[in-house]
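A.B. asks: What follows is the file my_file.cif, containing mmCIF, C-alpha atoms and all ligand atoms:
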data_final
loop_
_atom_site.group_PDB
_atom_site.id
_atom_site.type_symbol
_atom_site.label_atom_id
_atom_site.label_comp_id
_atom_site.auth_asym_id
_atom_site.auth_seq_id
_atom_site.Cartn_x
_atom_site.Cartn_y
_atom_site.Cartn_z
ATOM 1 C CA MET A 1 82.096 -86.112 -25.369
ATOM 2 C CA PRO A 2 81.511 -85.326 -21.648
ATOM 3 C CA GLU A 3 78.158 -86.514 -20.351
ATOM 4 C CA GLN A 4 75.931 -85.882 -17.344
ATOM 5 C CA LYS A 5 73.052 -87.718 -15.691
ATOM 6 C CA ALA A 6 69.628 -86.494 -16.759
ATOM 7 C CA LEU A 7 66.002 -87.295 -15.947
ATOM 8 C CA TYR A 8 64.053 -87.669 -19.170
ATOM 9 C CA LEU A 9 60.384 -87.739 -19.957
ATOM 10 C CA ALA A 10 60.779 -90.312 -22.674
ATOM 11 C CA GLU A 11 57.666 -89.526 -24.688
ATOM 12 C CA LYS A 12 54.434 -87.560 -24.535
ATOM 13 C CA GLN A 13 52.497 -88.796 -21.472
ATOM 14 C CA GLY A 14 55.193 -91.453 -21.023
ATOM 15 C CA ALA A 15 57.335 -92.395 -18.033
ATOM 16 C CA PHE A 16 60.272 -90.557 -16.479
ATOM 17 C CA ALA A 17 63.564 -92.426 -16.794
ATOM 18 C CA LEU A 18 67.167 -91.749 -15.881
ATOM 19 C CA GLY A 19 69.632 -91.460 -18.742
ATOM 20 C CA THR A 20 72.595 -89.415 -19.846
ATOM 21 C CA ALA A 21 72.870 -86.236 -21.887
ATOM 22 C CA PRO A 22 75.882 -84.575 -23.465
ATOM 23 C CA ILE A 23 77.176 -81.576 -21.514
ATOM 24 C CA TYR A 24 76.213 -78.487 -23.482
ATOM 25 C CA LYS A 25 79.035 -76.305 -24.801
ATOM 26 C CA PRO A 26 77.959 -72.680 -24.271
ATOM 27 C CA GLY A 27 77.868 -70.687 -27.504
ATOM 28 C CA PRO A 28 78.568 -66.960 -27.927
ATOM 29 C CA GLY A 29 76.890 -64.948 -25.164
ATOM 30 C CA GLU A 30 75.740 -68.089 -23.325
ATOM 31 C CA ILE A 31 76.724 -69.598 -19.973
ATOM 32 C CA LEU A 32 76.751 -73.186 -18.752
ATOM 33 C CA ILE A 33 75.115 -73.649 -15.344
ATOM 34 C CA ARG A 34 75.800 -76.567 -13.032
ATOM 35 C CA VAL A 35 72.344 -77.245 -11.595
ATOM 36 C CA GLU A 36 72.442 -77.799 -7.817
ATOM 37 C CA SER A 37 68.747 -77.413 -6.922
ATOM 38 C CA VAL A 38 65.537 -77.991 -8.844
ATOM 39 C CA GLY A 39 62.250 -76.681 -7.447
ATOM 40 C CA LEU A 40 59.573 -79.239 -8.297
ATOM 41 C CA SER A 41 56.548 -77.645 -9.907
ATOM 42 C CA PRO A 42 53.002 -78.899 -10.504
ATOM 43 C CA GLY A 43 53.799 -78.043 -14.122
ATOM 44 C CA ASP A 44 56.201 -80.982 -14.234
ATOM 45 C CA TRP A 45 53.520 -83.600 -13.544
ATOM 46 C CA VAL A 46 50.935 -81.676 -15.586
ATOM 47 C CA ILE A 47 53.194 -81.948 -18.633
ATOM 48 C CA GLN A 48 53.588 -85.662 -18.005
ATOM 49 C CA ASP A 49 49.903 -86.312 -17.295
ATOM 50 C CA LEU A 50 48.306 -84.159 -19.952
ATOM 51 C CA GLY A 51 50.997 -84.080 -22.653
ATOM 52 C CA VAL A 52 50.818 -80.271 -22.892
ATOM 53 C CA LEU A 53 53.452 -77.516 -23.400
ATOM 54 C CA VAL A 54 56.300 -79.715 -24.614
ATOM 55 C CA GLU A 55 56.331 -81.009 -28.165
ATOM 56 C CA THR A 56 59.819 -82.481 -28.541
ATOM 57 C CA TYR A 57 60.657 -85.781 -26.870
ATOM 58 C CA PRO A 58 62.593 -87.171 -25.129
ATOM 59 C CA ALA A 59 62.424 -84.019 -22.987
ATOM 60 C CA ILE A 60 64.238 -82.804 -19.892
ATOM 61 C CA LEU A 61 61.824 -80.803 -17.710
ATOM 62 C CA GLY A 62 62.337 -78.330 -14.862
ATOM 63 C CA PHE A 63 60.889 -74.859 -14.245
ATOM 64 C CA ASP A 64 62.958 -73.531 -11.334
ATOM 65 C CA LEU A 65 66.689 -74.132 -11.364
ATOM 66 C CA ALA A 66 69.496 -72.810 -9.178
ATOM 67 C CA GLY A 67 73.198 -73.526 -9.426
ATOM 68 C CA THR A 68 76.589 -72.107 -10.230
ATOM 69 C CA VAL A 69 78.124 -70.771 -13.403
ATOM 70 C CA GLU A 70 80.382 -73.514 -14.741
ATOM 71 C CA GLU A 71 81.596 -72.150 -18.063
ATOM 72 C CA LEU A 72 81.355 -68.931 -20.058
ATOM 73 C CA GLY A 73 80.734 -68.806 -23.802
ATOM 74 C CA GLU A 74 82.607 -66.363 -26.000
ATOM 75 C CA GLY A 75 81.737 -62.755 -25.101
ATOM 76 C CA ALA A 76 79.604 -63.735 -22.064
ATOM 77 C CA THR A 77 80.544 -61.026 -19.554
ATOM 78 C CA ARG A 78 77.474 -60.578 -17.333
ATOM 79 C CA PHE A 79 78.345 -63.510 -15.015
ATOM 80 C CA LYS A 80 81.544 -64.931 -13.553
ATOM 81 C CA LYS A 81 82.532 -68.573 -13.170
ATOM 82 C CA GLY A 82 81.382 -69.939 -9.798
ATOM 83 C CA GLU A 83 78.695 -67.280 -9.348
ATOM 84 C CA ARG A 84 75.385 -68.574 -7.904
ATOM 85 C CA VAL A 85 72.460 -68.076 -10.231
ATOM 86 C CA TYR A 86 68.746 -68.771 -10.568
ATOM 87 C CA VAL A 87 67.150 -69.506 -13.925
ATOM 88 C CA ILE A 88 63.748 -70.199 -15.414
ATOM 89 C CA PRO A 89 64.632 -72.323 -18.451
ATOM 90 C CA HIS A 90 63.087 -71.781 -21.832
ATOM 91 C CA LEU A 91 61.139 -75.000 -21.483
ATOM 92 C CA THR A 92 58.043 -73.994 -23.380
ATOM 93 C CA ARG A 93 59.869 -72.269 -26.180
ATOM 94 C CA ASN A 94 57.950 -71.700 -29.367
ATOM 95 C CA PHE A 95 61.100 -71.934 -31.422
ATOM 96 C CA ILE A 96 61.981 -75.158 -33.082
ATOM 97 C CA GLN A 97 65.566 -76.213 -33.566
ATOM 98 C CA LEU A 98 66.588 -77.295 -36.986
ATOM 99 C CA VAL A 99 69.413 -78.773 -39.020
ATOM 100 C CA VAL A 100 70.032 -77.719 -42.625
ATOM 101 C CA PHE A 101 72.601 -79.864 -44.409
ATOM 102 C CA GLY A 102 74.377 -78.057 -47.258
ATOM 103 C CA GLY A 103 73.881 -74.477 -46.070
ATOM 104 C CA ALA A 104 76.262 -72.938 -48.636
ATOM 105 C CA GLY A 105 74.293 -74.040 -51.680
ATOM 106 C CA SER A 106 71.755 -71.705 -53.241
ATOM 107 C CA VAL A 107 68.954 -73.790 -51.770
ATOM 108 C CA GLY A 108 70.630 -73.968 -48.367
ATOM 109 C CA GLN A 109 71.224 -70.209 -48.171
ATOM 110 C CA ALA A 110 67.593 -69.486 -49.003
ATOM 111 C CA ALA A 111 66.419 -72.083 -46.481
ATOM 112 C CA ILE A 112 68.540 -70.678 -43.656
ATOM 113 C CA GLN A 113 67.187 -67.172 -44.225
ATOM 114 C CA LEU A 114 63.544 -68.195 -44.501
ATOM 115 C CA LEU A 115 63.844 -70.427 -41.444
ATOM 116 C CA LYS A 116 65.390 -67.599 -39.468
ATOM 117 C CA LEU A 117 62.545 -65.287 -40.497
ATOM 118 C CA SER A 118 60.127 -68.019 -39.386
ATOM 119 C CA GLY A 119 61.631 -68.116 -35.887
ATOM 120 C CA PHE A 120 63.573 -71.389 -35.917
ATOM 121 C CA ASP A 121 66.379 -71.455 -33.362
ATOM 122 C CA PRO A 122 68.996 -72.787 -33.295
ATOM 123 C CA ILE A 123 69.681 -73.333 -36.994
ATOM 124 C CA ILE A 124 72.589 -75.746 -37.339
ATOM 125 C CA THR A 125 74.109 -76.115 -40.782
ATOM 126 C CA THR A 126 76.985 -77.878 -42.539
ATOM 127 C CA ALA A 127 79.330 -76.300 -45.096
ATOM 128 C CA SER A 128 82.980 -75.843 -45.942
ATOM 129 C CA LEU A 129 84.228 -73.659 -43.129
ATOM 130 C CA ARG A 130 85.401 -70.892 -45.503
ATOM 131 C CA ASN A 131 81.663 -70.145 -45.890
ATOM 132 C CA ALA A 132 80.929 -70.098 -42.161
ATOM 133 C CA ASP A 133 80.917 -66.310 -41.617
ATOM 134 C CA TRP A 134 78.543 -65.737 -44.509
ATOM 135 C CA LEU A 135 76.149 -68.432 -43.293
ATOM 136 C CA ARG A 136 76.161 -66.998 -39.774
ATOM 137 C CA HIS A 137 75.392 -63.623 -41.356
ATOM 138 C CA LEU A 138 72.390 -65.240 -43.046
ATOM 139 C CA GLY A 139 71.099 -66.639 -39.755
ATOM 140 C CA ALA A 140 72.798 -69.958 -39.053
ATOM 141 C CA THR A 141 73.599 -70.232 -35.355
ATOM 142 C CA HIS A 142 76.130 -73.055 -35.782
ATOM 143 C CA VAL A 143 78.187 -73.937 -38.872
ATOM 144 C CA LEU A 144 79.826 -77.367 -38.825
ATOM 145 C CA ASP A 145 82.499 -78.592 -41.225
ATOM 146 C CA ARG A 146 80.763 -80.630 -43.895
ATOM 147 C CA ASN A 147 83.995 -82.571 -44.476
ATOM 148 C CA LEU A 148 83.708 -84.282 -41.085
ATOM 149 C CA SER A 149 82.623 -87.913 -41.155
ATOM 150 C CA PRO A 150 78.917 -88.608 -40.479
ATOM 151 C CA GLU A 151 79.901 -89.981 -37.056
ATOM 152 C CA GLU A 152 81.863 -86.822 -36.211
ATOM 153 C CA LEU A 153 79.028 -84.587 -37.415
ATOM 154 C CA HIS A 154 76.555 -86.604 -35.361
ATOM 155 C CA ALA A 155 78.700 -86.077 -32.256
ATOM 156 C CA GLU A 156 79.162 -82.334 -32.946
ATOM 157 C CA ILE A 157 75.435 -81.821 -33.372
ATOM 158 C CA ARG A 158 74.628 -83.778 -30.205
ATOM 159 C CA ASN A 159 77.170 -81.581 -28.457
ATOM 160 C CA ILE A 160 75.204 -78.480 -29.454
ATOM 161 C CA THR A 161 71.896 -79.856 -28.262
ATOM 162 C CA PRO A 162 71.078 -83.098 -26.469
ATOM 163 C CA GLU A 163 67.659 -83.154 -28.085
ATOM 164 C CA TYR A 164 66.859 -84.950 -31.288
ATOM 165 C CA PHE A 165 65.196 -82.961 -34.068
ATOM 166 C CA THR A 166 61.604 -82.686 -35.174
ATOM 167 C CA THR A 167 62.639 -80.982 -38.421
ATOM 168 C CA ILE A 168 65.610 -81.498 -40.720
ATOM 169 C CA PHE A 169 66.121 -80.075 -44.180
ATOM 170 C CA ASP A 170 68.740 -81.738 -46.336
ATOM 171 C CA ALA A 171 69.671 -79.155 -48.976
ATOM 172 C CA ALA A 172 72.649 -81.289 -50.066
ATOM 173 C CA GLY A 173 70.613 -84.458 -50.545
ATOM 174 C CA ALA A 174 73.662 -86.734 -50.486
ATOM 175 C CA LEU A 175 73.462 -90.337 -49.355
ATOM 176 C CA GLU A 176 75.467 -89.604 -46.212
ATOM 177 C CA THR A 177 73.573 -86.439 -45.239
ATOM 178 C CA GLN A 178 70.180 -88.091 -45.664
ATOM 179 C CA ASN A 179 71.216 -91.060 -43.531
ATOM 180 C CA LEU A 180 72.799 -88.870 -40.860
ATOM 181 C CA GLY A 181 69.723 -86.645 -40.854
ATOM 182 C CA TYR A 182 67.457 -89.630 -40.325
ATOM 183 C CA ASP A 183 69.572 -90.756 -37.357
ATOM 184 C CA LEU A 184 69.150 -87.294 -35.808
ATOM 185 C CA LEU A 185 65.353 -87.221 -36.102
ATOM 186 C CA ALA A 186 63.271 -87.379 -32.944
ATOM 187 C CA SER A 187 60.313 -89.702 -32.720
ATOM 188 C CA GLY A 188 57.601 -88.006 -34.777
ATOM 189 C CA GLY A 189 60.201 -85.964 -36.687
ATOM 190 C CA THR A 190 60.355 -85.271 -40.419
ATOM 191 C CA MET A 191 63.230 -84.772 -42.848
ATOM 192 C CA ALA A 192 62.742 -83.173 -46.265
ATOM 193 C CA ALA A 193 65.510 -83.673 -48.823
ATOM 194 C CA VAL A 194 66.231 -82.075 -52.188
ATOM 195 C CA HIS A 195 66.956 -85.466 -53.744
ATOM 196 C CA PRO A 196 64.882 -88.649 -53.793
ATOM 197 C CA ASP A 197 64.767 -90.460 -50.472
ATOM 198 C CA ALA A 198 68.054 -92.335 -49.979
ATOM 199 C CA VAL A 199 67.631 -93.386 -46.349
ATOM 200 C CA LYS A 200 68.693 -96.998 -45.966
ATOM 201 C CA PRO A 201 65.595 -99.225 -45.722
ATOM 202 C CA GLU A 202 66.946 -100.966 -42.620
ATOM 203 C CA LYS A 203 66.961 -97.618 -40.748
ATOM 204 C CA LYS A 204 63.339 -96.825 -41.507
ATOM 205 C CA VAL A 205 60.908 -96.739 -38.594
ATOM 206 C CA GLU A 206 57.202 -95.866 -38.519
ATOM 207 C CA ASP A 207 57.479 -92.728 -36.432
ATOM 208 C CA LYS A 208 60.227 -90.937 -38.429
ATOM 209 C CA LYS A 209 59.457 -89.557 -41.871
ATOM 210 C CA SER A 210 61.766 -88.688 -44.750
ATOM 211 C CA PHE A 211 60.644 -87.480 -48.135
ATOM 212 C CA PHE A 212 61.807 -85.897 -51.370
ATOM 213 C CA MET A 213 60.647 -82.316 -51.593
ATOM 214 C CA PHE A 214 60.141 -80.837 -55.043
ATOM 215 C CA ALA A 215 60.296 -77.072 -54.654
ATOM 216 C CA ASP A 216 58.471 -75.963 -57.798
ATOM 217 C CA PRO A 217 56.154 -73.142 -56.630
ATOM 218 C CA ASN A 218 53.826 -73.821 -59.572
ATOM 219 C CA ILE A 219 52.706 -77.315 -58.602
ATOM 220 C CA PRO A 220 49.343 -77.381 -56.801
ATOM 221 C CA GLN A 221 50.615 -78.400 -53.372
ATOM 222 C CA ASN A 222 53.219 -75.584 -53.361
ATOM 223 C CA ARG A 223 51.146 -72.800 -54.927
ATOM 224 C CA LYS A 224 49.833 -71.221 -51.744
ATOM 225 C CA LEU A 225 53.290 -71.055 -50.182
ATOM 226 C CA GLY A 226 54.870 -69.929 -53.461
ATOM 227 C CA ASN A 227 52.342 -67.113 -53.893
ATOM 228 C CA SER A 228 52.880 -65.895 -50.359
ATOM 229 C CA LEU A 229 56.679 -66.052 -50.750
ATOM 230 C CA PHE A 230 56.748 -64.161 -54.041
ATOM 231 C CA ALA A 231 54.252 -61.576 -52.748
ATOM 232 C CA ASN A 232 56.723 -60.724 -49.985
ATOM 233 C CA LEU A 233 60.031 -61.266 -51.771
ATOM 234 C CA THR A 234 60.566 -57.741 -53.109
ATOM 235 C CA GLU A 235 60.109 -56.224 -49.671
ATOM 236 C CA LEU A 236 62.321 -58.852 -48.049
ATOM 237 C CA LEU A 237 65.072 -58.065 -50.571
ATOM 238 C CA GLU A 238 64.663 -54.289 -50.219
ATOM 239 C CA ASN A 239 64.865 -54.517 -46.420
ATOM 240 C CA ARG A 240 67.855 -56.865 -46.660
ATOM 241 C CA ASP A 241 65.901 -59.377 -44.591
ATOM 242 C CA PHE A 242 66.607 -61.776 -47.446
ATOM 243 C CA LYS A 243 70.051 -61.535 -49.020
ATOM 244 C CA PRO A 244 70.586 -62.684 -52.585
ATOM 245 C CA ASN A 245 73.301 -65.148 -53.589
ATOM 246 C CA HIS A 246 76.816 -64.145 -54.441
ATOM 247 C CA VAL A 247 76.669 -64.038 -58.213
ATOM 248 C CA GLU A 248 79.278 -64.738 -60.874
ATOM 249 C CA VAL A 249 78.330 -63.729 -64.415
ATOM 250 C CA VAL A 250 79.801 -66.166 -66.917
ATOM 251 C CA PRO A 251 81.056 -64.695 -70.205
ATOM 252 C CA ASN A 252 79.866 -65.267 -73.787
ATOM 253 C CA GLY A 253 76.093 -65.261 -73.386
ATOM 254 C CA LEU A 254 74.328 -68.493 -74.371
ATOM 255 C CA GLU A 255 77.573 -70.124 -75.568
ATOM 256 C CA GLY A 256 79.063 -69.516 -72.122
ATOM 257 C CA ILE A 257 76.390 -71.648 -70.494
ATOM 258 C CA ILE A 258 77.920 -74.863 -71.863
ATOM 259 C CA PRO A 259 81.270 -74.698 -69.996
ATOM 260 C CA ALA A 260 79.567 -73.084 -66.993
ATOM 261 C CA LEU A 261 77.300 -76.114 -66.635
ATOM 262 C CA GLU A 262 80.397 -78.323 -66.596
ATOM 263 C CA ARG A 263 81.738 -76.164 -63.749
ATOM 264 C CA LEU A 264 78.447 -76.454 -61.910
ATOM 265 C CA LYS A 265 78.534 -80.216 -62.334
ATOM 266 C CA SER A 266 81.999 -80.456 -60.811
ATOM 267 C CA GLY A 267 80.838 -78.250 -57.920
ATOM 268 C CA VAL A 268 80.712 -74.542 -57.113
ATOM 269 C CA SER A 269 80.900 -73.120 -53.620
ATOM 270 C CA CYS A 270 78.517 -70.491 -52.293
ATOM 271 C CA VAL A 271 77.981 -68.826 -55.674
ATOM 272 C CA LYS A 272 75.239 -68.691 -58.311
ATOM 273 C CA LEU A 273 76.517 -68.766 -61.890
ATOM 274 C CA VAL A 274 74.468 -66.444 -64.094
ATOM 275 C CA ALA A 275 74.536 -66.053 -67.887
ATOM 276 C CA HIS A 276 73.482 -62.962 -69.873
ATOM 277 C CA PRO A 277 71.825 -64.287 -73.083
ATOM 278 C CA GLN A 278 71.925 -60.825 -74.686
ATOM 279 C CA GLU A 279 75.716 -61.045 -74.709
ATOM 280 C CA SER A 280 75.640 -63.955 -77.187
ATOM 281 C CA ALA A 281 77.860 -63.462 -80.245
HETATM 282 N N1 LIG A 301 64.126 -80.816 -55.037
HETATM 283 C C1 LIG A 301 64.136 -79.633 -55.595
HETATM 284 O O1 LIG A 301 63.099 -79.032 -55.858
HETATM 285 C C2 LIG A 301 65.465 -78.967 -55.894
HETATM 286 C C3 LIG A 301 65.499 -77.611 -56.256
HETATM 287 C C4 LIG A 301 66.754 -77.029 -56.491
HETATM 288 C C5 LIG A 301 67.910 -77.787 -56.343
HETATM 289 N N2 LIG A 301 67.818 -79.105 -56.038
HETATM 290 C C6 LIG A 301 69.027 -79.926 -55.840
HETATM 291 O O2 LIG A 301 69.531 -79.492 -54.579
HETATM 292 C C7 LIG A 301 70.955 -79.540 -54.569
HETATM 293 C C8 LIG A 301 71.472 -78.160 -54.151
HETATM 294 O O3 LIG A 301 71.120 -77.208 -55.146
HETATM 295 P P1 LIG A 301 71.817 -75.786 -55.151
HETATM 296 O O4 LIG A 301 71.244 -74.975 -56.223
HETATM 297 O O5 LIG A 301 71.821 -75.276 -53.734
HETATM 298 O O6 LIG A 301 73.284 -76.236 -55.557
HETATM 299 P P2 LIG A 301 74.661 -75.472 -55.414
HETATM 300 O O7 LIG A 301 74.465 -74.044 -55.059
HETATM 301 O O8 LIG A 301 75.443 -75.807 -56.646
HETATM 302 O O9 LIG A 301 75.300 -76.253 -54.168
HETATM 303 C C9 LIG A 301 76.660 -76.146 -53.983
HETATM 304 C C10 LIG A 301 76.939 -76.256 -52.507
HETATM 305 O O10 LIG A 301 76.626 -77.537 -52.036
HETATM 306 C C11 LIG A 301 77.389 -77.737 -50.867
HETATM 307 N N3 LIG A 301 77.506 -79.192 -50.663
HETATM 308 C C12 LIG A 301 77.716 -80.158 -51.596
HETATM 309 N N4 LIG A 301 77.738 -81.364 -51.006
HETATM 310 C C13 LIG A 301 77.544 -81.189 -49.694
HETATM 311 C C14 LIG A 301 77.487 -82.051 -48.562
HETATM 312 N N5 LIG A 301 77.648 -83.378 -48.668
HETATM 313 N N6 LIG A 301 77.258 -81.502 -47.343
HETATM 314 C C15 LIG A 301 77.098 -80.171 -47.201
HETATM 315 N N7 LIG A 301 77.173 -79.293 -48.240
HETATM 316 C C16 LIG A 301 77.391 -79.796 -49.476
HETATM 317 C C17 LIG A 301 78.719 -77.046 -51.139
HETATM 318 O O11 LIG A 301 79.096 -76.452 -49.915
HETATM 319 P P3 LIG A 301 80.569 -75.841 -49.641
HETATM 320 O O12 LIG A 301 80.878 -74.936 -50.782
HETATM 321 O O13 LIG A 301 80.395 -75.109 -48.360
HETATM 322 O O14 LIG A 301 81.496 -77.008 -49.561
HETATM 323 C C18 LIG A 301 78.374 -76.003 -52.218
HETATM 324 O O15 LIG A 301 78.492 -74.684 -51.751
HETATM 325 C C19 LIG A 301 71.385 -79.930 -55.995
HETATM 326 O O16 LIG A 301 71.744 -81.283 -55.994
HETATM 327 C C20 LIG A 301 70.138 -79.710 -56.847
HETATM 328 O O17 LIG A 301 70.056 -80.617 -57.894
HETATM 329 C C21 LIG A 301 66.628 -79.706 -55.801
#
As structure tokens, please, write out the structure in this file.
Ligand SMILES: NC(=O)c1ccc[n+]([C@@H]2O[C@H](COP(=O)([O-])OP(=O)(O)OC[C@H]3O[C@@H](n4cnc5c(N)ncnc54)[C@H](OP(=O)(O)O)[C@@H]3O)[C@@H](O)[C@H]2O)c1

C.D. replies:
Amino acid sequence: MPEQKALYLAEKQGAFALGTAPIYKPGPGEILIRVESVGLSPGDWVIQDLGVLVETYPAILGFDLAGTVEELGEGATRFKKGERVYVIPHLTRNFIQLVVFGGAGSVGQAAIQLLKLSGFDPIITTASLRNADWLRHLGATHVLDRNLSPEELHAEIRNITPEYFTTIFDAAGALETQNLGYDLLASGGTMAAVHPDAVKPEKKVEDKKSFFMFADPNIPQNRKLGNSLFANLTELLENRDFKPNHVEVVPNGLEGIIPALERLKSGVSCVKLVAHPQESA
């Protein structure tokens, strides 16, 4: 992966240090700028001194940048390669970037949509690539092939953003996704997984959290969120802000559930199997 030199603020109110960062690959509608000049701003030392504005570390600062257009993402037509540009980067963004492993599952699809509605950006997910268009339709900004090795996925994700993540949701819950997710967490970051914590003990550090999330809306700690979600769900569905699963109705009512569960156990892809009990013989 191509790399560049970068000046990092290593941690909140920490020291600046030189390091390297992957060179960003511009996505659809984006451009890559080669930075030639950086106007130093009091904001830069204020962030370092007071620990304000920036929440994700290590961070690369800079308020006033000028340079040339190096590369154009797909469909980026406003600028030409080599053109001189000025930019105020989205340093103090309110959005939080997020990884969702297992985006094509029922849980993953719901997570992507709710995270999009909550303003997360980018939302990077993993799935079989035949499901990529649907997941982008739901709100994923990047869909990576879940059949890549953990090392390859790590590299692909670092290629999308040089920053580590404060939030990761593992909707697959597999051993390899949980361990990869933990590696991608920033200091202070948290990963929630749909299965009991399987992060290798030797990886565990104090300032990165991983936990098993049980998503029953009826248990006390989830009730408030569950009530608010269900109060809004009808409207979200009616407005198509939340799209339901692809559904396959299995035949033979209650009897049909038995072989359908075997199918579910061996793995379905991007579909919710549904039985109609009234169709029982
Ligand atoms: N903790 C809780 O409260 C809770 C609640 C519900 C479910 N769960 C658990 O969460 C898991 C997902 O549930 P679900 O209802 O979403 O299941 P599902 O719809 O049956 O999930 C199937 C999907 O999982 C994807 N997948 C499987 N392994 C993957 C991996 N290693 N990386 C990325 N994607 C992977 C597949 O993606 P592709 O088709 O794209 O290959 C497939 O589409 C299940 O294990 C379930 O037991 C936990």

A.B. asks: Please identify the residues whose atoms come within 9 Å of ligand LIG 301 (chain A), using all atoms listed in the file, and report them as an MDAnalysis selection string.

C.D. replies: chainID A and resid 100:110 125:132 145:147 170:177 193:196 212:216 264:265 267:273

A.B. asks: Since we have the selection now, will you write its residues out, keeping C-alpha atoms, as a compact mmCIF listing (two decimals), keeping the file's coordinate frame?

C.D. replies:
# COMPACT_ATOMS: atom_id res chain seq x y z
CA VAL A 100 70.03 -77.72 -42.62
CA PHE A 101 72.60 -79.86 -44.41
CA GLY A 102 74.38 -78.06 -47.26
CA GLY A 103 73.88 -74.48 -46.07
CA ALA A 104 76.26 -72.94 -48.64
CA GLY A 105 74.29 -74.04 -51.68
CA SER A 106 71.76 -71.70 -53.24
CA VAL A 107 68.95 -73.79 -51.77
CA GLY A 108 70.63 -73.97 -48.37
CA GLN A 109 71.22 -70.21 -48.17
CA ALA A 110 67.59 -69.49 -49.00
CA THR A 125 74.11 -76.11 -40.78
CA THR A 126 76.98 -77.88 -42.54
CA ALA A 127 79.33 -76.30 -45.10
CA SER A 128 82.98 -75.84 -45.94
CA LEU A 129 84.23 -73.66 -43.13
CA ARG A 130 85.40 -70.89 -45.50
CA ASN A 131 81.66 -70.14 -45.89
CA ALA A 132 80.93 -70.10 -42.16
CA ASP A 145 82.50 -78.59 -41.22
CA ARG A 146 80.76 -80.63 -43.90
CA ASN A 147 84.00 -82.57 -44.48
CA ASP A 170 68.74 -81.74 -46.34
CA ALA A 171 69.67 -79.16 -48.98
CA ALA A 172 72.65 -81.29 -50.07
CA GLY A 173 70.61 -84.46 -50.54
CA ALA A 174 73.66 -86.73 -50.49
CA LEU A 175 73.46 -90.34 -49.36
CA GLU A 176 75.47 -89.60 -46.21
CA THR A 177 73.57 -86.44 -45.24
CA ALA A 193 65.51 -83.67 -48.82
CA VAL A 194 66.23 -82.08 -52.19
CA HIS A 195 66.96 -85.47 -53.74
CA PRO A 196 64.88 -88.65 -53.79
CA PHE A 212 61.81 -85.90 -51.37
CA MET A 213 60.65 -82.32 -51.59
CA PHE A 214 60.14 -80.84 -55.04
CA ALA A 215 60.30 -77.07 -54.65
CA ASP A 216 58.47 -75.96 -57.80
CA LEU A 264 78.45 -76.45 -61.91
CA LYS A 265 78.53 -80.22 -62.33
CA GLY A 267 80.84 -78.25 -57.92
CA VAL A 268 80.71 -74.54 -57.11
CA SER A 269 80.90 -73.12 -53.62
CA CYS A 270 78.52 -70.49 -52.29
CA VAL A 271 77.98 -68.83 -55.67
CA LYS A 272 75.24 -68.69 -58.31
CA LEU A 273 76.52 -68.77 -61.89

A.B. asks: Hey, can you check how far atom CA of Pro42 of chain A sits from atom CA of Ala17 of chain A?

C.D. replies: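 One can read the atom CA of Pro42 of chain A to atom CA of Ala17 of chain A distance as 18.3 Å.
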
A.B. asks: Give as a PyMOL selection string every residue, naming chains and numbers as the document does, that has an atom within 12 Å of (66.4, -84.0, -22.0), counting all atoms listed in the file.

C.D. replies: chain A and resi 4-11+16-24+54+56-62+91+158+161-164+186

A.B. asks: Provide the atom CA of Glu279 of chain A to atom CA of Asn252 of chain A distance in Å, to one decimal place.

C.D. replies: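 These two atoms are separated by 6.0 Å.
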
A.B. asks: May I have the residues within 12 Å of Glu206 of chain A as JSON, numbers by chain, using only C-alpha atoms and disregarding those fewer than 5 positions away in the same chain?

C.D. replies: {"A": [186, 187, 188, 189, 190, 201]}

A.B. asks: Could you tell me how far atom CA of Ile88 of chain A sits from atom CA of Val38 of chain A, in Å to one decimal place?

C.D. replies: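 Atom CA of Ile88 of chain A lies at a distance of 10.3 Å from atom CA of Val38 of chain A.
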
A.B. asks: Evaluate the PyMOL selection byres (((chain A and resi 68) around 9) and not hetatm) and record the selected residues as a list of chain:residue names, following the chain and residue labels used in the document.

C.D. replies: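 Taken over the shown coordinates, the PyMOL selection byres (((chain A and resi 68) around 9) and not hetatm) returns A:Leu32, A:Ile33, A:Arg34, A:Val35, A:Glu36, A:Ala66, A:Gly67, A:Val69, A:Glu70, A:Lys81, A:Gly82, A:Glu83, A:Arg84, A:Val85, A:Tyr86.
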
A.B. asks: Excluding Val250 of chain A and residues on its chain fewer than 3 positions from it, collect all residues at most 10 Å away from it, counting all atoms listed in the file, and give them as a PyMOL selection string.

C.D. replies: chain A and resi 247+253-257+259-260+273-276

A.B. asks: Using all atoms listed in the file, which residues sit within 12 Å of Gly43 of chain A once same-chain residues fewer than 2 positions away are excluded, as a list in words?

C.D. replies: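 Result of the neighbour search: Gly39, Leu40, Ser41, Trp45, Val46, Ile47, Gln48, Asp49, Leu50, Gly51, Val52, Leu53, Val54, Leu61, Gly62, Phe63, Asp64, Leu91 and Thr92 of chain A.
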